[in-house]
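Heads up, data.txt below (compact mmCIF, C-alpha atoms):
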```
# COMPACT_ATOMS: atom_id res chain seq x y z
CA MET A 27 79.71 -54.31 80.82
CA THR A 28 83.03 -53.64 82.50
CA GLU A 29 83.50 -50.80 84.98
CA LEU A 30 85.66 -48.95 82.46
CA MET A 31 82.96 -49.15 79.81
CA ARG A 32 80.35 -48.07 82.32
CA GLN A 33 82.43 -44.98 83.13
CA LEU A 34 82.93 -44.22 79.45
CA THR A 35 79.21 -44.54 78.77
CA ALA A 36 78.41 -42.29 81.74
CA ARG A 37 80.87 -39.65 80.50
CA LYS A 38 79.38 -39.76 77.01
CA LEU A 39 75.88 -39.41 78.40
CA GLU A 40 76.96 -36.46 80.54
CA ARG A 41 78.57 -34.81 77.51
CA ARG A 42 75.37 -35.29 75.49
CA LYS A 43 73.36 -33.68 78.27
CA GLN A 44 75.75 -30.71 78.31
CA LEU A 45 75.39 -30.31 74.55
CA ALA A 46 71.61 -30.68 74.73
CA ALA A 47 71.48 -27.81 77.22
CA LEU A 48 73.17 -25.34 74.84
CA PRO A 49 71.08 -22.59 73.18
CA VAL A 50 69.41 -23.93 70.05
CA GLY A 51 71.10 -21.34 67.82
CA GLU A 52 74.47 -22.64 68.94
CA LYS A 53 73.40 -26.25 68.39
CA LEU A 54 72.21 -25.49 64.86
CA ARG A 55 75.55 -23.77 64.19
CA MET A 56 77.31 -26.93 65.40
CA LEU A 57 75.14 -28.97 63.06
CA GLU A 58 76.18 -26.78 60.13
CA GLU A 59 79.84 -27.30 61.06
CA MET A 60 79.30 -31.05 61.42
CA VAL A 61 77.70 -31.28 57.98
CA ALA A 62 80.53 -29.27 56.41
CA ALA A 63 83.15 -31.43 58.15
CA ALA A 64 81.36 -34.65 57.13
CA LYS A 65 81.33 -33.47 53.51
CA VAL A 66 85.10 -32.92 53.58
CA ILE A 67 85.59 -36.44 54.95
CA SER A 68 83.19 -38.09 52.49
CA ASP A 69 84.92 -36.28 49.63
CA THR A 70 88.09 -38.29 50.41
CA ARG A 71 86.31 -41.36 48.92
CA PRO A 72 87.56 -44.31 51.00
CA PRO A 73 88.52 -47.55 49.19
CA ARG A 74 85.69 -50.07 48.85
CA PRO A 75 86.03 -53.52 50.45
CA VAL A 76 86.60 -56.38 48.02
CA VAL A 77 83.56 -58.28 49.31
CA PRO A 78 81.19 -55.81 50.93
CA VAL A 79 78.70 -56.98 53.54
CA ARG A 80 75.20 -56.75 52.14
CA LYS A 81 71.76 -56.77 53.61
CA GLY A 82 69.99 -60.07 53.32
CA ARG A 83 70.40 -63.66 54.39
CA PRO A 84 73.60 -64.68 56.23
CA ARG A 85 76.37 -66.15 54.07
CA GLY A 86 77.26 -69.75 54.66
CA MET B 18 69.53 -21.91 59.44
CA GLU B 19 67.67 -18.94 60.91
CA LYS B 20 67.29 -17.65 57.34
CA ILE B 21 65.37 -20.79 56.43
CA PHE B 22 63.01 -20.22 59.36
CA ALA B 23 62.53 -16.60 58.29
CA ILE B 24 61.65 -17.68 54.74
CA ILE B 25 59.15 -20.25 56.01
CA ASN B 26 57.61 -17.64 58.34
CA GLN B 27 57.20 -15.36 55.35
CA MET B 28 55.51 -18.17 53.41
CA GLU B 29 53.07 -18.59 56.29
CA ASN B 30 52.41 -14.84 56.42
CA ASP B 31 51.87 -14.80 52.65
CA GLY B 32 49.32 -17.62 52.90
CA ILE B 33 51.39 -20.03 50.79
CA ILE B 34 51.30 -22.50 53.65
CA GLY B 35 49.12 -22.85 56.71
CA ARG B 36 50.49 -23.65 60.13
CA TYR B 37 53.94 -25.22 59.94
CA ALA B 38 56.38 -26.88 62.33
CA ILE B 39 59.87 -28.30 62.13
CA GLY B 40 60.17 -32.04 62.76
CA GLY B 41 62.77 -34.72 62.07
CA ALA B 42 66.39 -34.46 63.15
CA VAL B 43 66.49 -30.65 63.08
CA GLY B 44 63.39 -30.57 65.25
CA SER B 45 65.06 -32.97 67.66
CA ILE B 46 68.06 -30.66 67.99
CA PHE B 47 65.81 -28.17 69.76
CA TRP B 48 65.61 -30.71 72.61
CA LEU B 49 68.73 -32.85 72.26
CA GLU B 50 72.40 -32.52 71.43
CA PRO B 51 73.20 -31.80 67.75
CA ILE B 52 72.42 -34.80 65.54
CA THR B 53 73.85 -34.88 62.06
CA THR B 54 71.36 -34.68 59.21
CA LYS B 55 71.27 -33.64 55.59
CA ASP B 56 67.80 -32.22 55.38
CA VAL B 57 65.20 -30.10 57.12
CA ASP B 58 61.71 -31.58 57.49
CA VAL B 59 58.95 -28.99 57.49
CA PHE B 60 55.43 -30.23 58.16
CA VAL B 61 52.76 -27.91 56.85
CA MET B 62 49.03 -27.54 56.69
CA LEU B 63 48.30 -26.88 53.05
CA PRO B 64 45.65 -24.37 52.08
CA THR B 65 43.00 -26.11 50.03
CA SER B 66 42.63 -25.22 46.38
CA ALA B 67 39.69 -23.25 45.01
CA GLY B 68 37.68 -26.46 44.73
CA GLY B 69 38.30 -27.06 48.42
CA LEU B 70 39.46 -30.66 48.09
CA LEU B 71 42.85 -30.94 46.45
CA LEU B 72 45.89 -30.56 48.68
CA THR B 73 48.99 -29.72 46.72
CA LEU B 74 52.58 -28.74 47.30
CA GLY B 75 52.63 -26.91 43.96
CA PRO B 76 52.27 -23.37 45.34
CA ILE B 77 55.18 -23.96 47.74
CA TYR B 78 57.47 -24.98 44.91
CA GLU B 79 56.27 -22.17 42.65
CA TYR B 80 56.82 -19.60 45.41
CA LEU B 81 60.33 -20.77 46.23
CA LEU B 82 61.46 -21.36 42.66
CA ALA B 83 60.30 -17.83 41.81
CA GLN B 84 62.67 -16.62 44.52
CA GLY B 85 65.57 -18.42 42.87
CA PHE B 86 65.78 -21.50 45.07
CA ALA B 87 66.58 -24.74 43.25
CA PRO B 88 64.68 -28.02 43.41
CA GLN B 89 66.57 -31.23 44.19
CA GLY B 90 64.33 -34.28 43.97
CA GLN B 91 61.55 -33.79 46.51
CA PHE B 92 63.60 -31.09 48.24
CA ILE B 93 64.12 -27.40 47.71
CA VAL B 94 67.63 -26.19 48.44
CA ILE B 95 67.52 -23.14 50.70
CA GLU B 96 70.72 -21.67 52.11
CA GLY B 97 72.55 -24.88 51.22
CA TRP B 98 70.05 -27.11 53.05
CA ALA B 99 67.71 -29.61 51.43
CA VAL B 100 64.33 -28.59 52.77
CA GLU B 101 61.36 -30.91 52.39
CA PHE B 102 57.79 -29.72 52.85
CA GLY B 103 55.11 -32.26 53.53
CA PRO B 104 51.62 -32.49 54.97
CA PRO B 105 51.16 -34.54 58.16
CA GLY B 106 50.63 -38.10 56.98
CA THR B 107 49.25 -39.63 60.16
CA PRO B 108 46.94 -38.55 63.01
CA LEU B 109 50.00 -38.50 65.30
CA VAL B 110 51.87 -36.05 63.06
CA GLU B 111 48.70 -34.03 62.65
CA GLU B 112 48.49 -33.72 66.43
CA ALA B 113 52.22 -32.89 66.62
CA LEU B 114 51.69 -30.05 64.16
CA ASP B 115 48.65 -28.81 66.05
CA ARG B 116 50.52 -28.74 69.36
CA ALA B 117 53.92 -27.57 68.12
CA VAL B 118 55.57 -24.88 70.23
CA GLU B 119 57.24 -21.62 69.29
CA ARG B 120 60.96 -21.18 69.81
CA ASP B 121 63.28 -18.24 69.28
CA VAL B 122 66.43 -18.97 67.28
CA ASN B 123 68.73 -15.96 67.48
CA GLY B 124 65.81 -13.57 67.17
CA VAL B 125 63.84 -15.56 64.58
CA MET B 126 60.72 -17.29 65.81
CA THR B 127 59.94 -20.74 64.52
CA ARG B 128 57.66 -23.59 65.47
CA VAL B 129 58.86 -27.06 66.41
CA PHE B 130 57.28 -30.36 67.45
CA THR B 131 57.40 -31.03 71.19
CA ALA B 132 59.98 -33.53 72.44
CA GLU B 133 57.18 -35.93 73.38
CA HIS B 134 55.65 -35.84 69.90
CA LEU B 135 59.04 -36.23 68.21
CA ALA B 136 59.82 -39.27 70.36
CA ALA B 137 56.36 -40.76 69.75
CA ILE B 138 56.79 -40.31 65.99
CA CYS B 139 60.18 -42.05 66.18
CA LEU B 140 58.60 -44.90 68.10
CA GLN B 141 55.86 -45.18 65.50
CA VAL B 142 58.22 -45.07 62.50
CA GLY B 143 60.54 -47.57 64.19
CA ARG B 144 63.69 -47.58 62.03
CA ALA B 145 67.04 -48.21 63.72
CA LYS B 146 67.85 -44.49 63.76
CA ASP B 147 64.45 -43.74 65.24
CA HIS B 148 65.08 -46.19 68.08
CA ASP B 149 68.41 -44.51 68.71
CA ARG B 150 66.69 -41.15 68.89
CA VAL B 151 64.04 -42.35 71.34
CA THR B 152 66.86 -43.59 73.57
CA ARG B 153 68.51 -40.17 73.36
CA PHE B 154 65.29 -38.43 74.34
CA VAL B 155 64.94 -40.72 77.34
CA GLU B 156 68.59 -40.41 78.38
CA ALA B 157 68.49 -36.63 78.06
CA GLY B 158 65.49 -36.53 80.40
CA ALA B 159 63.67 -34.51 77.73
CA LEU B 160 60.33 -36.31 77.97
CA ASP B 161 57.54 -35.59 80.42
CA ALA B 162 56.37 -39.11 81.30
CA GLU B 163 52.72 -38.15 81.76
CA VAL B 164 52.53 -36.16 78.51
CA PHE B 165 54.45 -38.83 76.57
CA GLU B 166 52.33 -41.75 77.76
CA ALA B 167 49.13 -39.84 77.06
CA ILE B 168 50.27 -39.37 73.45
CA LEU B 169 51.21 -43.05 73.19
CA GLN B 170 47.82 -44.10 74.52
CA ARG B 171 45.93 -41.81 72.14
CA HIS B 172 47.80 -43.28 69.18
CA ASP B 173 47.82 -46.91 70.28
CA LEU B 174 51.58 -47.07 70.83
CA MET B 175 51.76 -48.34 74.42
CA ALA B 176 52.53 -51.94 73.46
CA ARG B 177 55.34 -50.73 71.24
CA TRP B 178 56.67 -48.51 74.05
CA ASN B 179 56.63 -51.40 76.53
CA LYS B 180 58.55 -53.59 74.09
CA PHE B 181 61.00 -50.76 73.39
CA GLN B 182 61.68 -50.35 77.10
CA ASN B 183 62.31 -54.08 77.48
CA ASP B 184 64.54 -54.25 74.42
CA TYR B 185 66.58 -51.05 74.67
CA LEU B 186 66.32 -49.30 78.02
CA GLU B 187 68.28 -50.74 80.89
CA PRO B 188 66.35 -51.01 84.18
```

File written out as structure tokens:
Amino acid sequence: MTELMRQLTARKLERRKQLAALPVGEKLRMLEEMVAAAKVISDTRPPRPVVPVRKGRPRG
Amino acid sequence: MEKIFAIINQMENDGIIGRYAIGGAVGSIFWLEPITTKDVDVFVMLPTSAGGLLLTLGPIYEYLLAQGFAPQGQFIVIEGWAVEFGPPGTPLVEEALDRAVERDVNGVMTRVFTAEHLAAICLQVGRAKDHDRVTRFVEAGALDAEVFEAILQRHDLMARWNKFQNDYLEP
């Protein structure tokens, strides 16, 4: 892992700790907002890949 | 979501369910940062039927449907959330329900699995998302090592924990 990636990972971890420390009511409110935002994004229906990767044995 | 907790509390007071606790992703949010999820997992002790043997979710569904909530597969939709009620399926979940702790959410009391039990359940279930969640519990410093390892020992999960540490947790 490069130093830059290490710093990025450390910042993300710190951010997660800050969020974890919030009052639970506020965290549940954030969850509700996340779910609503995710629904808006999923409603945009992205194009499907021509050959989607599937679970199972490797190709070739 | 407080309204959901209030409804479940009322169900407990009315004797529709026995002791309950929130588990799954919503339960984890009590200890971790918000994690996205589509449903609320409620683990409940079910009162036995008149015969004393049959455990059934029927009264829960009847109670909630009578209040106008809609079923959706195995879920009941309450306040826009898919809520699933289920009895504890393993001794570990049974213990988690027994030792769940009370938490106040904006003035509404509810009961939630401890961080140590949630992490132990994730370790036992062992899907990719469960491994991710165990890592989050560890990174957040949410687990009491002594309490956690005692749970793992009681439920024969120490070997799995040692492998998990080798595979996923950096020294």

Open item on the list: as a ChimeraX atom specification, please: the residues near range 98-110 of chain B (cut-off 8 Å, all atoms listed in the file, same-chain neighbours under 3 positions excluded).
Closed with: /B:55-63,74,89,91-95,113-114,134,138,172

Task: Selected residue, from A:Met56, A:Ile67, A:Ala36, A:Leu30, that lies nearest to chain B when counting only C-alpha atoms - done: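 Among A:Met56, A:Ile67, A:Ala36, A:Leu30, it is A:Met56 that comes nearest to chain B.
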
TODO: Please identify every residue of chain B that has at least one atom no more than 12 Å from any atom of chain A, counting all atoms listed in the file, and report them as a PyMOL selection string.
DONE: chain B and resi 18-22+42-57+96-98+120-127+129+152-159+187

TODO: Rounded to one decimal place, report the CA of Ala137 in chain B-CA of Ile168 in chain B distance in Å.
DONE: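 Computing the Euclidean distance for CA of Ala137 in chain B and CA of Ile168 in chain B yields 7.3 Å.
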
Open item on the list: One number please: CA of Val164 in chain B to CA of Gly40 in chain B, in Å, one decimal.
Closed with: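 Going from CA of Val164 in chain B over to CA of Gly40 in chain B, I get 18.0 Å.
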
TODO: In Å, rounded to a single decimal, give me how far CA of Asp184 in chain B is from CA of Thr28 in chain A.
DONE: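 Computing it gives 20.2 Å between the two atoms.
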
File output for chain A (C-alpha atoms) as a tab-separated table (two decimals), in the first residue's frame:
```
chain	number	residue	atom	x	y	z
A	27	MET	CA	0.00	0.00	0.00
A	28	THR	CA	1.40	3.39	-0.94
A	29	GLU	CA	1.69	6.22	1.57
A	30	LEU	CA	-1.09	8.10	-0.22
A	31	MET	CA	-3.44	5.13	0.05
A	32	ARG	CA	-2.50	4.67	3.69
A	33	GLN	CA	-3.43	8.31	4.38
A	34	LEU	CA	-6.70	7.93	2.50
A	35	THR	CA	-7.57	4.79	4.43
A	36	ALA	CA	-6.72	6.50	7.73
A	37	ARG	CA	-8.93	9.48	6.84
A	38	LYS	CA	-11.82	7.19	5.92
A	39	LEU	CA	-11.44	5.28	9.16
A	40	GLU	CA	-11.39	8.52	11.14
A	41	ARG	CA	-14.53	9.70	9.34
A	42	ARG	CA	-16.29	6.42	10.13
A	43	LYS	CA	-15.37	6.78	13.79
A	44	GLN	CA	-16.79	10.33	13.81
A	45	LEU	CA	-20.03	9.08	12.26
A	46	ALA	CA	-20.21	6.14	14.66
A	47	ALA	CA	-20.01	8.56	17.59
A	48	LEU	CA	-23.12	10.51	16.52
A	49	PRO	CA	-26.39	10.07	18.49
A	50	VAL	CA	-28.27	7.03	17.22
A	51	GLY	CA	-31.34	9.10	16.29
A	52	GLU	CA	-29.19	11.17	13.97
A	53	LYS	CA	-27.60	8.05	12.47
A	54	LEU	CA	-30.99	6.49	11.79
A	55	ARG	CA	-32.08	9.76	10.13
A	56	MET	CA	-28.96	9.56	7.93
A	57	LEU	CA	-29.88	5.99	7.05
A	58	GLU	CA	-33.35	7.12	5.96
A	59	GLU	CA	-31.78	9.81	3.77
A	60	MET	CA	-29.30	7.29	2.32
A	61	VAL	CA	-32.10	4.87	1.44
A	62	ALA	CA	-34.13	7.64	-0.20
A	63	ALA	CA	-31.09	8.84	-2.15
A	64	ALA	CA	-30.20	5.28	-3.22
A	65	LYS	CA	-33.76	4.79	-4.50
A	66	VAL	CA	-33.49	7.92	-6.67
A	67	ILE	CA	-30.21	6.62	-8.13
A	68	SER	CA	-31.50	3.08	-8.73
A	69	ASP	CA	-34.58	4.51	-10.42
A	70	THR	CA	-32.30	5.90	-13.17
A	71	ARG	CA	-31.87	2.28	-14.41
A	72	PRO	CA	-28.28	2.12	-15.70
A	73	PRO	CA	-27.60	0.31	-19.01
A	74	ARG	CA	-26.76	-3.38	-18.66
A	75	PRO	CA	-23.38	-4.67	-19.86
A	76	VAL	CA	-23.47	-6.74	-23.05
A	77	VAL	CA	-21.75	-9.69	-21.36
A	78	PRO	CA	-22.31	-9.44	-17.62
A	79	VAL	CA	-19.93	-11.13	-15.22
A	80	ARG	CA	-21.66	-14.02	-13.52
A	81	LYS	CA	-21.00	-16.09	-10.47
A	82	GLY	CA	-19.49	-19.45	-11.20
A	83	ARG	CA	-16.42	-20.94	-12.81
A	84	PRO	CA	-13.90	-18.60	-14.49
A	85	ARG	CA	-14.31	-18.13	-18.25
A	86	GLY	CA	-11.55	-19.43	-20.44
```
